[in-house]
Amino acid sequence: MIRTGNRDRSRDRRKDAKNDLKQYGFMPSLEEINMELKRRTEASDRYKIYKKFLSSLIVVAAFTVLIATLWLPVMKVNGTSMEPLLIDGDIIVAVKDVNLIKHGDIIAFYYNDKVLLKRVLGLPGDTVMVDKSGKVYVNNKYIDEPYIYEKSLGICNVTMPVKVQENSFFVLGDNRAVSIDSRSADVGNIHFERVVGKIVLRVYPFQRMGSVTN
């Protein structure tokens, strides 16, 4: 009887070992291994693509900032002196090249610690006259200005006519009654070195996006 009990216990242990093997000794098939390797490879490929895309995005962003800083400054209009063409809050883009600037163009320039926006009426060597009614003459020729709110002598404490200095511009704001510009001795002629650039594009608000023309 004792021997029989031992044999029974041996059989029970072998049976339990079989059950344990079935439960814990599972080996994945070759197909399952291949599928797992494929999944890991695809995950790695996605990470590489994402990393490459992110790197490219950083390069593009850095290049855009460099372009904006060196050649295409982006600015926000602050004030009403260039209404009705440019409204307070408009976002505009300039081109940094004084050689592109001609009569009627709008420029941004430094004045004290600010950047102002005005329209170029006089180029170097021009003679500019603003009469009491606000009419503008350049080299004795009357300038028709359909873009201004209304004609006004505005804030003027310089002696007219004004001879535009070398490497300088004579500028006026379109909203003549409120604009402080070359009619003021404090502003005067705008030397090329003070010019930020010529305004060429409005990018915001979107419904008025487009080139900034006369």
# chains A, B, ... in the order shown; residues from 1 in each chain; ligands from 1
$ residues_around --residues "segment 131-133 of chain A" --least-positions-apart "6" --cutoff "9 Å" --atoms "only C-alpha atoms" --output "list in words"
Lys151, Ser152, Leu153, Met160 and Pro161 of chain A
$ residues_around --residues "Asn112 of chain A" --least-positions-apart "5" --cutoff "12 Å" --atoms "only C-alpha atoms" --output "list in words"
Asp186, Val187 and Arg194 of chain A
$ write_last_selection --atoms "N, CA and C atoms" --output "PDB file, in the first residue's frame"
ATOM      1  N   ASP A 186      10.540 117.998 -35.648  1.00  0.00           N
ATOM      2  CA  ASP A 186      11.036 116.899 -34.822  1.00  0.00           C
ATOM      3  C   ASP A 186      11.293 115.643 -35.652  1.00  0.00           C
ATOM      4  N   VAL A 187      10.480 115.447 -36.687  1.00  0.00           N
ATOM      5  CA  VAL A 187      10.638 114.269 -37.551  1.00  0.00           C
ATOM      6  C   VAL A 187      11.563 114.597 -38.719  1.00  0.00           C
ATOM      7  N   ARG A 194      17.604 105.272 -41.332  1.00  0.00           N
ATOM      8  CA  ARG A 194      16.498 105.091 -40.378  1.00  0.00           C
ATOM      9  C   ARG A 194      15.378 104.228 -40.958  1.00  0.00           C
TER      10      ARG A 194
END
$ residues_around --residues "Phe169 of chain A" --least-positions-apart "3" --cutoff "6 Å" --atoms "only C-alpha atoms" --output "VMD selection string"
chain A and resid 122 to 123 189 to 190
$ write_last_selection --atoms "N, CA and C atoms" --output "PDB file, in the first residue's frame"
ATOM      1  N   GLY A 122       8.486 112.789 -51.184  1.00  0.00           N
ATOM      2  CA  GLY A 122       9.669 113.397 -51.773  1.00  0.00           C
ATOM      3  C   GLY A 122      10.881 112.504 -51.707  1.00  0.00           C
ATOM      4  N   LEU A 123      11.590 112.404 -52.836  1.00  0.00           N
ATOM      5  CA  LEU A 123      12.848 111.663 -52.917  1.00  0.00           C
ATOM      6  C   LEU A 123      14.013 112.650 -52.808  1.00  0.00           C
ATOM      7  N   ASN A 189      13.240 115.238 -42.469  1.00  0.00           N
ATOM      8  CA  ASN A 189      13.538 114.277 -43.526  1.00  0.00           C
ATOM      9  C   ASN A 189      13.998 112.962 -42.907  1.00  0.00           C
ATOM     10  N   ILE A 190      13.636 111.865 -43.567  1.00  0.00           N
ATOM     11  CA  ILE A 190      13.975 110.532 -43.045  1.00  0.00           C
ATOM     12  C   ILE A 190      15.195 110.003 -43.788  1.00  0.00           C
TER      13      ILE A 190
END
$ atom_distance --atom1 "atom CA of Asn139 of chain A" --atom2 "atom CA of Asn157 of chain A"
20.4 Å
$ residues_around --residues "Asp90 of chain A" --least-positions-apart "4" --cutoff "9 Å" --atoms "only C-alpha atoms" --output "ChimeraX atom specification"
/A:75-78,86,202-205
$ write_last_selection --atoms "C-alpha atoms" --output "short mmCIF file (atom, residue, chain, number, x, y, z; two decimals), in the first residue's frame"
data_model
loop_
_atom_site.label_atom_id
_atom_site.label_comp_id
_atom_site.auth_asym_id
_atom_site.auth_seq_id
_atom_site.Cartn_x
_atom_site.Cartn_y
_atom_site.Cartn_z
CA MET A 75 5.11 94.61 -38.15
CA LYS A 76 1.81 95.47 -36.53
CA VAL A 77 0.14 98.81 -37.30
CA ASN A 78 -0.27 100.92 -34.19
CA LEU A 86 -3.72 100.79 -42.98
CA ARG A 202 -0.81 92.98 -45.52
CA VAL A 203 -1.17 89.48 -44.04
CA TYR A 204 -3.82 90.19 -41.40
CA PRO A 205 -6.78 90.50 -41.12
#
$ residues_around --residues "Arg176 of chain A" --least-positions-apart "2" --cutoff "6 Å" --atoms "only C-alpha atoms" --output "ChimeraX atom specification"
/A:152,154,173-174,178-179
$ closest_residue --among "A:Val171, A:Asn99, A:Met82, A:Val138" --to "Glu150 of chain A" --atoms "only C-alpha atoms"
A:Met82
$ residues_around --residues "Leu121 of chain A" --least-positions-apart "5" --cutoff "7 Å" --atoms "only C-alpha atoms" --output "list in words"
His103, Gly104, Phe170, Val171 and Leu172 of chain A
$ write_last_selection --atoms "C-alpha atoms" --output "CSV table (one decimal), in the first residue's frame"
chain,number,residue,atom,x,y,z
A,103,HIS,CA,7.1,108.2,-54.9
A,104,GLY,CA,3.9,107.1,-53.2
A,170,PHE,CA,10.0,113.5,-47.2
A,171,VAL,CA,7.1,111.6,-45.8
A,172,LEU,CA,3.5,112.3,-44.9
$ atom_distance --atom1 "atom CA of Asp126 of chain A" --atom2 "atom CA of Gly79 of chain A"
28.3 Å
$ select_by_dssp --residues "segment 51-204 of chain A" --states "strand (DSSP E)" --output "PyMOL selection string"
chain A and resi 74-76+91-95+106-111+114-122+127-130+136-138+141-142+162-163+168-172+190-191+195-204
$ closest_residue --among "A:Ile155, A:Leu37, A:Ile199, A:Val74" --to "Ile91 of chain A" --atoms "only C-alpha atoms"
A:Val74
$ atom_distance --atom1 "atom CA of Lys96 of chain A" --atom2 "atom CA of Val195 of chain A"
8.2 Å
$ residues_around --residues "Leu201 of chain A" --least-positions-apart "5" --cutoff "8 Å" --atoms "only C-alpha atoms" --output "JSON, numbers by chain"
{"A": [92, 93, 94, 209, 210, 211, 212]}
$ closest_residue --among "A:Thr127, A:Glu42, A:Ala185, A:Val95" --to "Lys141 of chain A" --atoms "only C-alpha atoms"
A:Thr127
$ closest_residue --among "A:Glu83, A:Cys156, A:Val98, A:Ile49" --to "Glu193 of chain A" --atoms "only C-alpha atoms"
A:Val98
$ closest_residue --among "A:Glu36, A:Ile58, A:Lys135, A:Leu117" --to "Ile87 of chain A" --atoms "only C-alpha atoms"
A:Leu117
$ decode --residues "segment 76-152 of chain A" --atoms "C-alpha atoms" --output "PDB file, in the first residue's frame"
ATOM      1  CA  LYS A  76       1.809  95.470 -36.532  1.00  0.00           C
ATOM      2  CA  VAL A  77       0.141  98.809 -37.296  1.00  0.00           C
ATOM      3  CA  ASN A  78      -0.269 100.918 -34.186  1.00  0.00           C
ATOM      4  CA  GLY A  79      -2.319 104.089 -34.553  1.00  0.00           C
ATOM      5  CA  THR A  80      -4.458 105.858 -37.127  1.00  0.00           C
ATOM      6  CA  SER A  81      -2.022 108.055 -39.059  1.00  0.00           C
ATOM      7  CA  MET A  82      -2.136 105.830 -42.172  1.00  0.00           C
ATOM      8  CA  GLU A  83      -5.906 105.342 -42.315  1.00  0.00           C
ATOM      9  CA  PRO A  84      -7.877 104.524 -44.342  1.00  0.00           C
ATOM     10  CA  LEU A  85      -5.361 102.227 -46.100  1.00  0.00           C
ATOM     11  CA  LEU A  86      -3.715 100.790 -42.981  1.00  0.00           C
ATOM     12  CA  ILE A  87      -5.869 100.255 -39.900  1.00  0.00           C
ATOM     13  CA  ASP A  88      -4.776  99.912 -36.285  1.00  0.00           C
ATOM     14  CA  GLY A  89      -4.010  96.221 -35.701  1.00  0.00           C
ATOM     15  CA  ASP A  90      -3.154  95.321 -39.315  1.00  0.00           C
ATOM     16  CA  ILE A  91      -0.129  93.043 -39.690  1.00  0.00           C
ATOM     17  CA  ILE A  92       2.137  94.011 -42.575  1.00  0.00           C
ATOM     18  CA  VAL A  93       5.357  92.892 -44.234  1.00  0.00           C
ATOM     19  CA  ALA A  94       8.179  95.131 -45.445  1.00  0.00           C
ATOM     20  CA  VAL A  95      11.085  94.670 -47.843  1.00  0.00           C
ATOM     21  CA  LYS A  96      14.472  95.899 -46.636  1.00  0.00           C
ATOM     22  CA  ASP A  97      15.782  97.721 -49.705  1.00  0.00           C
ATOM     23  CA  VAL A  98      15.748 101.527 -49.944  1.00  0.00           C
ATOM     24  CA  ASN A  99      16.585 101.249 -53.650  1.00  0.00           C
ATOM     25  CA  LEU A 100      13.062  99.933 -54.269  1.00  0.00           C
ATOM     26  CA  ILE A 101      11.390 102.979 -52.709  1.00  0.00           C
ATOM     27  CA  LYS A 102       9.705 105.460 -55.038  1.00  0.00           C
ATOM     28  CA  HIS A 103       7.126 108.241 -54.877  1.00  0.00           C
ATOM     29  CA  GLY A 104       3.897 107.113 -53.217  1.00  0.00           C
ATOM     30  CA  ASP A 105       5.351 104.076 -51.435  1.00  0.00           C
ATOM     31  CA  ILE A 106       4.712 103.487 -47.745  1.00  0.00           C
ATOM     32  CA  ILE A 107       7.766 102.989 -45.577  1.00  0.00           C
ATOM     33  CA  ALA A 108       8.504 102.038 -41.997  1.00  0.00           C
ATOM     34  CA  PHE A 109      11.243 103.959 -40.231  1.00  0.00           C
ATOM     35  CA  TYR A 110      12.714 104.462 -36.788  1.00  0.00           C
ATOM     36  CA  TYR A 111      11.746 107.543 -34.849  1.00  0.00           C
ATOM     37  CA  ASN A 112      13.182 107.690 -31.341  1.00  0.00           C
ATOM     38  CA  ASP A 113      12.195 104.311 -29.838  1.00  0.00           C
ATOM     39  CA  LYS A 114       9.270 103.756 -32.213  1.00  0.00           C
ATOM     40  CA  VAL A 115       8.677 102.522 -35.739  1.00  0.00           C
ATOM     41  CA  LEU A 116       6.445 104.849 -37.778  1.00  0.00           C
ATOM     42  CA  LEU A 117       4.612 104.248 -41.056  1.00  0.00           C
ATOM     43  CA  LYS A 118       4.310 107.071 -43.595  1.00  0.00           C
ATOM     44  CA  ARG A 119       3.990 107.631 -47.327  1.00  0.00           C
ATOM     45  CA  VAL A 120       6.946 108.894 -49.377  1.00  0.00           C
ATOM     46  CA  LEU A 121       6.137 112.157 -51.165  1.00  0.00           C
ATOM     47  CA  GLY A 122       9.669 113.397 -51.773  1.00  0.00           C
ATOM     48  CA  LEU A 123      12.848 111.663 -52.917  1.00  0.00           C
ATOM     49  CA  PRO A 124      16.385 113.064 -52.516  1.00  0.00           C
ATOM     50  CA  GLY A 125      16.683 116.433 -54.306  1.00  0.00           C
ATOM     51  CA  ASP A 126      12.902 116.969 -54.635  1.00  0.00           C
ATOM     52  CA  THR A 127      11.236 120.181 -53.523  1.00  0.00           C
ATOM     53  CA  VAL A 128       8.013 119.546 -51.597  1.00  0.00           C
ATOM     54  CA  MET A 129       5.347 122.110 -50.845  1.00  0.00           C
ATOM     55  CA  VAL A 130       2.273 121.630 -48.645  1.00  0.00           C
ATOM     56  CA  ASP A 131       0.021 124.703 -48.847  1.00  0.00           C
ATOM     57  CA  LYS A 132      -2.441 125.992 -46.257  1.00  0.00           C
ATOM     58  CA  SER A 133      -5.274 123.947 -47.742  1.00  0.00           C
ATOM     59  CA  GLY A 134      -3.233 120.765 -47.539  1.00  0.00           C
ATOM     60  CA  LYS A 135      -2.514 120.388 -51.248  1.00  0.00           C
ATOM     61  CA  VAL A 136       0.863 118.812 -51.985  1.00  0.00           C
ATOM     62  CA  TYR A 137       3.217 119.881 -54.779  1.00  0.00           C
ATOM     63  CA  VAL A 138       6.430 118.089 -55.699  1.00  0.00           C
ATOM     64  CA  ASN A 139       8.815 120.008 -57.928  1.00  0.00           C
ATOM     65  CA  ASN A 140       5.966 122.499 -58.576  1.00  0.00           C
ATOM     66  CA  LYS A 141       3.648 119.723 -59.765  1.00  0.00           C
ATOM     67  CA  TYR A 142       0.352 119.137 -57.940  1.00  0.00           C
ATOM     68  CA  ILE A 143       0.033 115.601 -56.558  1.00  0.00           C
ATOM     69  CA  ASP A 144      -3.411 114.007 -56.738  1.00  0.00           C
ATOM     70  CA  GLU A 145      -3.897 111.863 -53.632  1.00  0.00           C
ATOM     71  CA  PRO A 146      -7.107 109.808 -53.740  1.00  0.00           C
ATOM     72  CA  TYR A 147      -5.882 107.645 -50.849  1.00  0.00           C
ATOM     73  CA  ILE A 148      -6.037 110.326 -48.109  1.00  0.00           C
ATOM     74  CA  TYR A 149      -8.948 111.004 -45.756  1.00  0.00           C
ATOM     75  CA  GLU A 150      -8.962 114.718 -46.415  1.00  0.00           C
ATOM     76  CA  LYS A 151      -6.522 117.467 -47.292  1.00  0.00           C
ATOM     77  CA  SER A 152      -5.087 119.210 -44.254  1.00  0.00           C
TER      78      SER A 152
END
